[in-house]
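Enquirer: What follows is a structure written as structure tokens; I'll ask about it next.
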Number of protein chains: 8
Amino acid sequence: MNKDKVSNILHKLACGRITQAAAYETLKDLPFEDIEFAKIDHHRTIRTGIPEVIFGPGKTDNQIIKIIGSMKKSGSPIIISRVSKKSYNIIKRHFPAAKYNEQARMILLSAKKKTLKSPKYVAVLSAGTSDINVAEEAAATIEAFGGKAERIYDVGVAGIHRLFSFHKKISKASVVIVAAGMEGALPSVVAGMISAPIIAVPTSVGYGASFGGIAALLAMLNSCAPGITVVNIDNGFGAAMAALKMLRI
Amino acid sequence: MNKDKVSNILHKLACGRITQAAAYETLKDLPFEDIEFAKIDHHRTIRTGIPEVIFGPGKTDNQIIKIIGSMKKSGSPIIISRVSKKSYNIIKRHFPAAKYNEQARMILLSAKKKTLKSPKYVAVLSAGTSDINVAEEAAATIEAFGGKAERIYDVGVAGIHRLFSFHKKISKASVVIVAAGMEGALPSVVAGMISAPIIAVPTSVGYGASFGGIAALLAMLNSCAPGITVVNIDNGFGAAMAALKMLRI
Amino acid sequence: MNKDKVSNILHKLACGRITQAAAYETLKDLPFEDIEFAKIDHHRTIRTGIPEVIFGPGKTDNQIIKIIGSMKKSGSPIIISRVSKKSYNIIKRHFPAAKYNEQARMILLSAKKKTLKSPKYVAVLSAGTSDINVAEEAAATIEAFGGKAERIYDVGVAGIHRLFSFHKKISKASVVIVAAGMEGALPSVVAGMISAPIIAVPTSVGYGASFGGIAALLAMLNSCAPGITVVNIDNGFGAAMAALKMLRI
Amino acid sequence: MNKDKVSNILHKLACGRITQAAAYETLKDLPFEDIEFAKIDHHRTIRTGIPEVIFGPGKTDNQIIKIIGSMKKSGSPIIISRVSKKSYNIIKRHFPAAKYNEQARMILLSAKKKTLKSPKYVAVLSAGTSDINVAEEAAATIEAFGGKAERIYDVGVAGIHRLFSFHKKISKASVVIVAAGMEGALPSVVAGMISAPIIAVPTSVGYGASFGGIAALLAMLNSCAPGITVVNIDNGFGAAMAALKMLRI
Amino acid sequence: MNKDKVSNILHKLACGRITQAAAYETLKDLPFEDIEFAKIDHHRTIRTGIPEVIFGPGKTDNQIIKIIGSMKKSGSPIIISRVSKKSYNIIKRHFPAAKYNEQARMILLSAKKKTLKSPKYVAVLSAGTSDINVAEEAAATIEAFGGKAERIYDVGVAGIHRLFSFHKKISKASVVIVAAGMEGALPSVVAGMISAPIIAVPTSVGYGASFGGIAALLAMLNSCAPGITVVNIDNGFGAAMAALKMLRI
Amino acid sequence: MNKDKVSNILHKLACGRITQAAAYETLKDLPFEDIEFAKIDHHRTIRTGIPEVIFGPGKTDNQIIKIIGSMKKSGSPIIISRVSKKSYNIIKRHFPAAKYNEQARMILLSAKKKTLKSPKYVAVLSAGTSDINVAEEAAATIEAFGGKAERIYDVGVAGIHRLFSFHKKISKASVVIVAAGMEGALPSVVAGMISAPIIAVPTSVGYGASFGGIAALLAMLNSCAPGITVVNIDNGFGAAMAALKMLRI
Amino acid sequence: MNKDKVSNILHKLACGRITQAAAYETLKDLPFEDIEFAKIDHHRTIRTGIPEVIFGPGKTDNQIIKIIGSMKKSGSPIIISRVSKKSYNIIKRHFPAAKYNEQARMILLSAKKKTLKSPKYVAVLSAGTSDINVAEEAAATIEAFGGKAERIYDVGVAGIHRLFSFHKKISKASVVIVAAGMEGALPSVVAGMISAPIIAVPTSVGYGASFGGIAALLAMLNSCAPGITVVNIDNGFGAAMAALKMLRI
Amino acid sequence: MNKDKVSNILHKLACGRITQAAAYETLKDLPFEDIEFAKIDHHRTIRTGIPEVIFGPGKTDNQIIKIIGSMKKSGSPIIISRVSKKSYNIIKRHFPAAKYNEQARMILLSAKKKTLKSPKYVAVLSAGTSDINVAEEAAATIEAFGGKAERIYDVGVAGIHRLFSFHKKISKASVVIVAAGMEGALPSVVAGMISAPIIAVPTSVGYGASFGGIAALLAMLNSCAPGITVVNIDNGFGAAMAALKMLRI
């Protein structure tokens with residue numbers, strides 16, 4: 001559905017060619033498709049610039065297959081996040097074109113080719129090797145929607161020269177995503193070095209008093225370096241979404 | 001201090017005109033000024049695009065006055081955040097040009113005139129009237145650094161038509177800042193409507209199980225609408241800083 | 001046991017036809033049946049209008065079977081909540097009439113037919129597809145006790161037009177139950193639209209800083225929209241119980 | 001503004017008597033009044049059955065006075081909750097008809113006379129004497145909107161016979177509100193005795209591990225007695241709002 | 001080792017029959033046996049009146065077997081708490097006299113026969129059937145050390161007449177142990193009825209906002225009924241230990 | 001009111017000399033006195049062995065004065081806990097016999113003389129000097145109800161020989177109360193030394209990660225030494241109540 | 001009291017020159033002085049190498065004066081931590097030699113002159129100017145006990161070149177204390193640069209989600225850089241104590 | 001890479017023998033090796049005195065094998081912490097010299113022989129037998145880097161004479177590591193006895209309100225005995241690292 005269609009309906013109403021009730025009925029039914037247990041929001045791209053994405057956890061394989069079926073009609077890229085390889089193998093039987101990114105635990109279907117000629121890119125940093133899964137979820141999502149991501153992994157603050165050696169690549173990025181667990185100090189250090197906005201992603205990497213990522217989350221929210229914003233623990237996907245929106249400002 | 005100066009020193013070193021030790025000494029001393037209890041980071045604008053800002057709490061009036069004295073030399077706008085009117089009255093005696101924004105509890109000195117011709121602006125929303133202080137801290141900071149802010153206050157979700165009536169102004173903003181306390185639901189609703197990145201600011205407004213803003217903070221971190229990033233509770237200043245960085249992408 | 005019987009005993013005592021001690025013995029033994037590890041409260045329907053329900057977790061299959069055996073005598077509908085399909089298969093051998101609702105994880109025996117002619121109904125909303133299990137526990141419980149439930153699933157705030165398209169059905173409900181995880185914002189938005197009481201059910205759907213449903217729980221408790229009351233995380237059953245009591249006001 | 005007006009506008013649009021844009025402009029401006037820092041939601045009574053109420057904390061006396069001025073036009077009863085006596089004395093100078101309920105810390109203006117002939121009433125219980133403030137906020141709110149409240153105070157579980165002596169009055173209520181701090185056990189005991197829905201209000205009464213009402217809040221959310229719903233800590237106002245909505249089912 | 005032996009050593013030292021160093025060496029080695037990974041405290045009965053008990057979790061079967069071997073020499077009853085049936089089957093091969101209490105998950109060896117002629121007993125109550133495991137750990141421990149326990153299970157506050165029917169048995173107990181999960185209200189109600197000291201045991205029974213027993217723990221700590229003391233969540237063993245000490249006052 | 005009176009009423013009912021309704025009315029009214037905002041539980045001594053005590057916080061001076069007036073008739077000792085000296089001065093005008101214990105912040109009226117000839121006593125320990133207020137609340141309460149308390153203050157574990165020098169006095173006590181803040185380690189060490197039951201009272205003494213007594217509370221609940229039971233933070237009064245009940249076993 | 005005295009007593013006992021009981025009495029009385037509300041541990045220097053220090057909060061001025069009086073006899077330096085200037089003015093009247101360190105809020109009496117010839121020193125860093133109070137408590141305590149402290153303040157990670165310019169001074173320290181609030185990232189960065197042990201002191205500087213220092217505390221406990229140990233929030237004193245012990249290894 | 005090499009490069013630059021850019025490139029590349037997913041910090045020994053250690057969790061066996069391959073070149077001892085025996089068996093195929101410490105769950109490769117002639121040692125204490133795993137991680141790490149560890153296990157405070165019998169060995173240690181779960185009281189008692197610095201390691205041993213080690217962590221942070229510093233829950237490795245650094249002061 002496109003914007004013209006909506007305008008058209010409103011125009012007809014204003015001209016008296018359809019009744020008020022009819023217009024209301026049409027408008028409220030159009031933007032989504034009701035498949036019993038889910039309401040597919042085909043209209044989301046128009047409103048927010050990014051199509052709906054399927055969050056895997058809590059959905060059965062069958063539900064995911066039905067939602068893909070409904071979404072395929074729109075022609076947008078389809079992403080299913082946080083799915084196991086086992087689920088992928090089942091889903092693939094129905095949609096053989098589906099690709100699986102194992103590190104990011106993500107299924108991609110008809111993802112947009114990177115057609116943006118823009119030199120703008122998002123630098124995606126991880127503090128340790130254990131944070132790579134989350135960083136990769138961010139990088140893969142950016143690429144799935146046609147953005148460009150530069151990966152810089154394992155550059156945590158305990159050996160800060162590793163970080164500095166990538167200074168040039170980081171400082172030229174339009175947006176920087178930093179995934180870090182444990183004490184979550186990396187975003188603060190990066191924010192003091194560059195002028196781009198930083199999206200901090202706390203990860204659940206750690207043990208004991210890391211409390212599944214709370215320590216890193218709090219550190220990032222309390223950063224003394226201004227310009228950092230934060231997303232949920234392990235939410236590489238959300239960081240990518242925000243970065244994509246920033247690239248379009 | 002400017003970039004040329006740094007290049008110059010390194011050039012002299014490479015040419016053997018100054019010793020290695022001398023170069024090191026010069027470089028490491030330049031970027032900040034040591035006034036006993038504080039190290040003023042004059043170099044920050046070069047690195048991060050935004051000058052150092054004075055965070056008021058925990059500093060005596062005398063300390064603030066000394067820091068202003070040191071920062072004045074750089075010619076950058078000077079902001080002191082979260083200061084009482086009482087402190088302002090003392091500080092004003094030393095710097096009569098200082099202005100006070102009572103709602104934002106902020107002192108401004110030689111703030112940049114809004115010279116940006118850019119039509120880009122940041123929409124700053126508050127959910128309730130009690131959230132305005134925080135929203136105003138964001139809006140005033142944006143303006144202090146030459147940005148443009150559009151204020152839209154008291155448009156919480158309990159009367160959602162109030163929000164919708166500002167749909168046009170919100171959807172044309174380059175960045176949207178949303179300050180909300182209590183259940184913190186407003187950013188999620190806004191995120192479903194527009195394509196700009198949203199910076200959510202939880203406020204400490206509420207009582208009982210709001211736990212001084214934790215309820216709103218958690219709601220914002222867990223938003224089902226992608227593209228939202230979050231700053232610390234009541235941190236209107238930080239949201240403004242991030243927005244300014246985004247405007248420059 | 002009925003109210004007449006109790007009156008009768010007290011009458012006999014007042015008339016001196018039975019001793020004080022005998023009356024006490026009779027009264028205190030009647031209202032429940034002691035089956036060693038459990039005291040079946042046959043009297044509950046008289047006091048609270050709703051029969052005792054068997055909460056599955058922490059009970060062995062054998063214990064459940066014994067409790068059903070004791071409860072069957074009363075003729076009330078029997079509900080066993082939160083039982084696995086595996087337990088159901090064992091229990092069914094003893095009570096072949098038992099039905100299993102897989103989504104709600106509930107066993108039903110001799111559930112009351114919906115005999116209420118009342119047009120009153122409870123609208124049961126879920127914010128996402130992952131919240132359906134909890135919503136379904138509520139809807140199935142309402143129906144088991146003779147109430148009427150209208151299911152409206154996957155209408156979360158990220159695509160708020162989906163919610164608005166069901167405005168009519170929601171606003172005509174006598175009570176509205178809203179199950180939502182993550183940021184738990186849906187009840188606040190619904191409460192601003194309608195005049196019926198709303199029972200909010202936080203679900204454990206989410207990850208990271210959702211803390212197993214705490215984020216949604218806090219959001220609902222702090223709602224800026226008055227008229228919302230809240231039950232425990234994932235407690236679809238409790239929401240249904242409260243709704244049934246409200247229908248009878 | 002009434003429903004007819006809205007219908008009228010839509011009718012004119014459908015007939016082509018006004019343009020689509022004009023209709024939109026009219027509709028979106030009507031339901032609230034923009035007084036700079038607040039958007040008064042005159043339309044709320046139509047949507048939710050209860051007029052907007054002014055939550056005192058975080059508002060200056062001047063802001064409250066302006067909001068009252070705007071709301072007075074609608075003729076609805078006006079409630080300002082959680083205001084100090086000092087604020088009341090200032091506000092009273094502008095609105096001499098304003099009454100102050102000291103225990104409930106509430107200002108009332110042109111509150112509806114109790115015109116309901118209905119014998120239905122809400123029983124409002126407090127566990128201890130220190131919980132009375134919260135209970136009184138509930139009772140006074142119910143009466144301000146024309147409902148009937150029966151107060152039963154200081155009937156906590158440590159001397160359970162005090163509670164039983166009010167059994168008759170409690171069991172005949174249509175809705176029961178129970179305010180309790182400390183261990184918050186009273187709602188569970190009451191719920192086992194009666195068939196009406198119970199709204200539990202945890203209070204911040206207690207010390208040490210009561211954590212400002214969290215202990216009572218958790219107890220109420222985890223009640224083993226079905227049919228209890230819960231509001232925020234100390235939220236007597238919210239309990240009253242929910243009760244009023246239930247009375248109208 | 002007995003008290004005489006210690007006196008004897010000190011006497012010899014005072015008389016100059018052994019050197020100061022020798023006395024020290026003897027005294028410090030006697031009270032426990034060092035078996036590499038554990039220091040068996042044979043002396044504990046003398047000091048505290050109750051022998052050391054083996055806490056199962058975190059110990060391998062082999063470690064438990066070695067500790068039993070060391071403790072057997074003392075002739076005291078041996079209790080191993082929180083062991084699986086699987087571990088029991090292995091341990092039994094070495095100590096065929098070992099008995100297993102499945103509900104309490106406890107191994108008993110050469111437990112003292114109940115020789116106390118005292119009519120004193122401990123009433124052990126459980127609020128629900130799911131709390132019985134914890135209650136049984138308490139009751140079995142009391143009996144293992146020669147005390148008398150009266151079990152009264154499934155008498156929670158939602159049907160308070162069940163509790164009252166056991167009033168006589170409860171009020172004649174010397175100590176009352178009350179195990180309750182969920183909202184943990186039972187100890188408060190019992191404490192208002194009787195004069196014996198009450199030991200409250202919160203259990204981890206519940207879900208959602210029960211937080212694994214925290215809700216019940218907080219309720220018990222905040223009880224408005226004086227005379228209640230509390231032990232750790234699920235700590236039926238500790239409650240029994242405290243009760244045994246009280247019986248000996 | 002005494003037990004005979006109750007028996008008498010029941011006897012009359014059994015004999016037909018009074019009606020059933022009359023008996024019910026008499027019985028339910030007798031045990032407490034309704035003074036509007038409070039229900040004085042004169043019957044509590046009969047049920048629990050200890051008269052009702054007035055918890056000061058949250059009550060106005062006037063309310064306290066009225067409650068004292070009602071309680072005086074019973075002849076029991078009257079305790080008002082946690083009242084300021086300022087309140088005491090007002091209350092004293094009405095009840096000149098009232099005494100004030102400044103350290104315990106407690107008012108005592110007609111407290112029982114220590115008439116118990118029993119050599120049994122409660123040892124009351126404090127870990128530091130800052131914990132003495134709480135310890136004193138316990139000791140003074142014990143004495144007010146005719147018990148005997150031995151105070152042993154400032155014997156924390158950092159200088160454990162101080163504790164050992166009081167070994168004899170502690171080990172001969174019937175019950176031991178231990179008040180400790182900060183890390184709350186003292187009860188564990190004492191429990192390993194003696195055979196009497198120990199009531200641990202966490203205090204809010206400390207700063208930073210002591211979280212107002214939570215650190216001490218958790219330490220006490222998790223003690224590796226069996227036989228310790230715990231009361232709420234700073235609840236010296238509750239510890240005394242439990243100790244008094246234990247002395248009577 | 002010195003070690004010789006203790007040996008002497010034991011020797012006399014071994015020789016039969018004093019009785020066993022007399023030796024016990026002497027030994028247990030010697031090590032501390034009982035001044036009613038406090039037990040002064042004169043013996044602590046012998047055991048732990050550092051004399052007892054007076055923790056101010058929770059003690060009245062009079063109690064502090066009495067404790068000083070008792071401690072003065074030992075000749076050790078006397079420190080009273082966390083006292084207000086007001087208390088100091090009162091205490092000074094009794095002990096005119098008392099000095100007050102306003103930033104550290106500490107009173108010093110007869111503090112040891114820095115007689116250590118050792119070139120070893122403790123580097124004391126603060127992340128911001130608001131952390132200086134805590135850092136100063138550490139530095140002043142080290143000096144009071146004869147150690148050497150080098151202060152390096154306001155070198156937080158947002159301008160990391162400030163830190164690097166002090167690299168030489170930091171890397172030559174024997175022990176490094178780092179006081180930091182907000183996100184607490186500084187210790188991690190320092191630990192990656194140097195080989196000395198680092199004592200991290202979280203401060204309560206910050207707001208919102210810093211939760212009074214919890215964010216910094218968690219960050220420090222979870223540091224990815226090994227070799228960091230942590231003390232309580234704002235505990236500059238404890239950090240100094242640990243550093244002094246390390247210097248003596 | 002050694003310090004000479006770095007000096008050499010800087011010297012060449014100062015002499016004009018290499019360009020400024022070339023020097024920068026060389027310096028920034030040298031200190032670590034980039035193997036795609038990890039940046040091996042070969043330079044860490046020079047900076048911090050201790051080589052990088054491989055933290056096992058979150059890394060695949062393949063990643064660990066590649067990192068070992070890269071680290072082997074440096075000749076430093078290689079430690080992989082927290083790996084399962086299963087992983088060890090796979091890794092061993094590639095590096096047959098690898099040894100596995102089952103209790104500490106640690107792989108060691110070419111660990112330094114204990115060549116230190118120093119009589120200095122670290123005493124490693126555990127409170128219970130269940131804490132031994134953590135204590136052993138500490139002891140094994142110390143030995144892997146050439147230090148000396150004395151193990152003293154199962155000496156918790158419930159039988160404090162066990163601890164005292166090791167007084168001599170503990171008081172002669174240069175550093176003392178104390179691992180304790182549950183109430184975590186052992187470090188406080190030890191700190192009152194000796195003059196060496198104490199590193200407290202809270203363990204996750206316990207249940208219920210121990211909250212996975214939080215109770216012990218808080219107790220240790222709040223110790224009334226000065227000189228204790230704390231590491232993360234179960235972090236035996238970090239305690240060993242800090243102890244090694246202290247030994248070198």
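By order of appearance in the structure tokens: chains A, B, ..., then residues from 1 within every chain, and ligands from 1 in the order shown.
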Check range 10-240 of chain H with DSSP on the backbone and list each residue it calls strand (DSSP E or B), as a ChimeraX atom specification.
Expert: /H:33-34,39-40,54-55,78-81,99-101,106-109,122-126,149-152,175-180,198-202,228-230
Enquirer: Per residue of chain H within 6 Å of chain A, which atom pair is closest and at what distance in Å (one decimal), using only C-alpha atoms, listed by chain and increasing number, as CSV?
Expert:
```
residue,atom,partner,partner_atom,distance
H:Lys28,CA,A:Ser165,CA,5.4
H:Ala38,CA,A:Asp154,CA,5.3
H:Lys39,CA,A:Asp154,CA,5.9
H:Gly58,CA,A:Ser130,CA,4.8
H:Ile233,CA,A:Gly208,CA,4.7
```
Enquirer: So that I have them on file, write out the residues from the current selection with N, CA and C atoms, as an mmCIF file, in the first residue's frame.
Expert:
```cif
data_model
loop_
_atom_site.group_PDB
_atom_site.id
_atom_site.type_symbol
_atom_site.label_atom_id
_atom_site.label_comp_id
_atom_site.auth_asym_id
_atom_site.auth_seq_id
_atom_site.Cartn_x
_atom_site.Cartn_y
_atom_site.Cartn_z
ATOM 1 N N LYS H 28 52.159 1.557 16.451
ATOM 2 C CA LYS H 28 50.786 1.153 16.732
ATOM 3 C C LYS H 28 50.496 -0.290 16.313
ATOM 4 N N ALA H 38 40.201 -11.706 17.260
ATOM 5 C CA ALA H 38 40.865 -11.327 18.513
ATOM 6 C C ALA H 38 42.121 -10.534 18.208
ATOM 7 N N LYS H 39 42.489 -9.677 19.155
ATOM 8 C CA LYS H 39 43.714 -8.892 19.048
ATOM 9 C C LYS H 39 44.604 -9.312 20.207
ATOM 10 N N GLY H 58 32.316 -18.106 26.535
ATOM 11 C CA GLY H 58 31.945 -17.297 25.381
ATOM 12 C C GLY H 58 32.876 -17.477 24.194
ATOM 13 N N ILE H 233 32.390 -11.898 42.448
ATOM 14 C CA ILE H 233 31.911 -13.201 42.914
ATOM 15 C C ILE H 233 32.587 -14.326 42.122
#
```
Enquirer: Could you list, as JSON, numbers by chain, every residue within 7 Å of Glu137 in chain E, counting only C-alpha atoms and ignoring same-chain residues fewer than 6 positions away?
Expert: {"E": [104, 236, 237]}
Enquirer: Which value, in Å to one decimal, gives the distance between CA of Lys169 in chain A and CA of Asn232 in chain B?
Expert: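 If I compute the distance from CA of Lys169 in chain A to CA of Asn232 in chain B, I get 28.2 Å.
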Enquirer: Out of range 6-214 of chain B, which residues get helix (DSSP H, G or I) from DSSP, as a VMD selection string?
Expert: chain B and resid 6 to 14 20 to 29 44 to 48 61 to 72 85 to 94 129 to 144 157 to 164 167 to 171 186 to 191 208 to 214
Enquirer: Give me, please, the distance in Å between CA of Met241 in chain C and CA of Gly146 in chain C, quoted to one decimal.
Expert: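 Interatomic distance here is 11.7 Å.
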Enquirer: Mind checking which residues fall within 7 Å of range 88-96 of chain G, counting only C-alpha atoms, ignoring those fewer than 5 positions away in the same chain, and posting them as a PyMOL selection string?
Expert: chain G and resi 61+65+83
Enquirer: Could you pull the residues within 10 Å of Ile68 in chain G, counting only C-alpha atoms, minus those fewer than 4 positions along the same chain, as a PyMOL selection string?
Expert: chain G and resi 40+53-54+62-64+72-73+78-80+91+94-95+109
Enquirer: Could you dump the residues just selected with N, CA, C and O atoms as a PDB file, in the first residue's frame?
Expert:
```pdb
ATOM      1  N   ILE G  40      37.544  -0.174  73.977  1.00  0.00           N
ATOM      2  CA  ILE G  40      38.672   0.328  73.187  1.00  0.00           C
ATOM      3  C   ILE G  40      39.711  -0.773  72.998  1.00  0.00           C
ATOM      4  O   ILE G  40      40.226  -1.331  73.963  1.00  0.00           O
ATOM      5  N   VAL G  53      40.660   2.973  64.611  1.00  0.00           N
ATOM      6  CA  VAL G  53      40.306   4.301  64.145  1.00  0.00           C
ATOM      7  C   VAL G  53      38.845   4.547  64.515  1.00  0.00           C
ATOM      8  O   VAL G  53      38.049   3.612  64.537  1.00  0.00           O
ATOM      9  N   ILE G  54      38.496   5.799  64.843  1.00  0.00           N
ATOM     10  CA  ILE G  54      37.130   6.101  65.282  1.00  0.00           C
ATOM     11  C   ILE G  54      36.273   6.484  64.087  1.00  0.00           C
ATOM     12  O   ILE G  54      36.524   7.490  63.424  1.00  0.00           O
ATOM     13  N   ASN G  62      30.075  13.546  72.636  1.00  0.00           N
ATOM     14  CA  ASN G  62      30.561  13.095  73.941  1.00  0.00           C
ATOM     15  C   ASN G  62      31.200  11.728  73.887  1.00  0.00           C
ATOM     16  O   ASN G  62      32.236  11.485  74.510  1.00  0.00           O
ATOM     17  N   GLN G  63      30.586  10.820  73.150  1.00  0.00           N
ATOM     18  CA  GLN G  63      31.166   9.480  73.018  1.00  0.00           C
ATOM     19  C   GLN G  63      32.540   9.567  72.369  1.00  0.00           C
ATOM     20  O   GLN G  63      33.489   8.917  72.793  1.00  0.00           O
ATOM     21  N   ILE G  64      32.649  10.389  71.311  1.00  0.00           N
ATOM     22  CA  ILE G  64      33.935  10.527  70.628  1.00  0.00           C
ATOM     23  C   ILE G  64      34.984  11.070  71.596  1.00  0.00           C
ATOM     24  O   ILE G  64      36.128  10.586  71.653  1.00  0.00           O
ATOM     25  N   LYS G  72      44.170   8.048  73.876  1.00  0.00           N
ATOM     26  CA  LYS G  72      45.349   8.900  73.961  1.00  0.00           C
ATOM     27  C   LYS G  72      46.500   8.238  74.720  1.00  0.00           C
ATOM     28  O   LYS G  72      47.671   8.465  74.431  1.00  0.00           O
ATOM     29  N   LYS G  73      46.141   7.425  75.713  1.00  0.00           N
ATOM     30  CA  LYS G  73      47.160   6.786  76.545  1.00  0.00           C
ATOM     31  C   LYS G  73      48.126   5.937  75.727  1.00  0.00           C
ATOM     32  O   LYS G  73      49.287   5.766  76.099  1.00  0.00           O
ATOM     33  N   ILE G  78      45.689   9.219  66.351  1.00  0.00           N
ATOM     34  CA  ILE G  78      44.238   9.038  66.475  1.00  0.00           C
ATOM     35  C   ILE G  78      43.551   9.712  65.294  1.00  0.00           C
ATOM     36  O   ILE G  78      43.813  10.880  64.993  1.00  0.00           O
ATOM     37  N   ILE G  79      42.702   8.950  64.641  1.00  0.00           N
ATOM     38  CA  ILE G  79      41.947   9.469  63.508  1.00  0.00           C
ATOM     39  C   ILE G  79      40.465   9.325  63.802  1.00  0.00           C
ATOM     40  O   ILE G  79      40.026   8.260  64.227  1.00  0.00           O
ATOM     41  N   ILE G  80      39.710  10.390  63.580  1.00  0.00           N
ATOM     42  CA  ILE G  80      38.254  10.285  63.633  1.00  0.00           C
ATOM     43  C   ILE G  80      37.743  10.624  62.234  1.00  0.00           C
ATOM     44  O   ILE G  80      37.939  11.733  61.737  1.00  0.00           O
ATOM     45  N   ILE G  91      34.974  19.141  69.799  1.00  0.00           N
ATOM     46  CA  ILE G  91      36.042  18.218  70.213  1.00  0.00           C
ATOM     47  C   ILE G  91      37.346  18.973  70.468  1.00  0.00           C
ATOM     48  O   ILE G  91      38.099  18.661  71.406  1.00  0.00           O
ATOM     49  N   HIS G  94      38.359  20.153  73.912  1.00  0.00           N
ATOM     50  CA  HIS G  94      38.948  19.182  74.835  1.00  0.00           C
ATOM     51  C   HIS G  94      40.357  18.778  74.404  1.00  0.00           C
ATOM     52  O   HIS G  94      41.198  18.440  75.227  1.00  0.00           O
ATOM     53  N   PHE G  95      40.610  18.787  73.120  1.00  0.00           N
ATOM     54  CA  PHE G  95      41.915  18.350  72.603  1.00  0.00           C
ATOM     55  C   PHE G  95      42.412  19.397  71.618  1.00  0.00           C
ATOM     56  O   PHE G  95      42.258  19.258  70.395  1.00  0.00           O
ATOM     57  N   LEU G 109      44.856  13.564  65.389  1.00  0.00           N
ATOM     58  CA  LEU G 109      45.508  13.911  66.650  1.00  0.00           C
ATOM     59  C   LEU G 109      46.846  13.200  66.715  1.00  0.00           C
ATOM     60  O   LEU G 109      46.932  11.990  66.481  1.00  0.00           O
TER      61      LEU G 109
END
```
Enquirer: So that I can check the surroundings of range 222-228 of chain H, please list as an NGL selection string every protein, DNA and RNA residue that reaches within 7 Å of it, counting only C-alpha atoms and ignoring chain neighbours fewer than 5 positions away.
Expert: (:F and (158 or 182-183 or 209-210)) or (:G and (232 or 238 or 241-242 or 245)) or (:H and (188 or 191-192 or 197-200))
Enquirer: Find the spatial neighbours of Ala216 in chain C, counting only C-alpha atoms, within a cut-off of 9 Å - ignore same-chain residues fewer than 2 positions away - and output them as a PyMOL selection string.
Expert: (chain B and resi 183+215+218-219+222) or (chain C and resi 180-185+201-204+210+212-214+218-221+233)
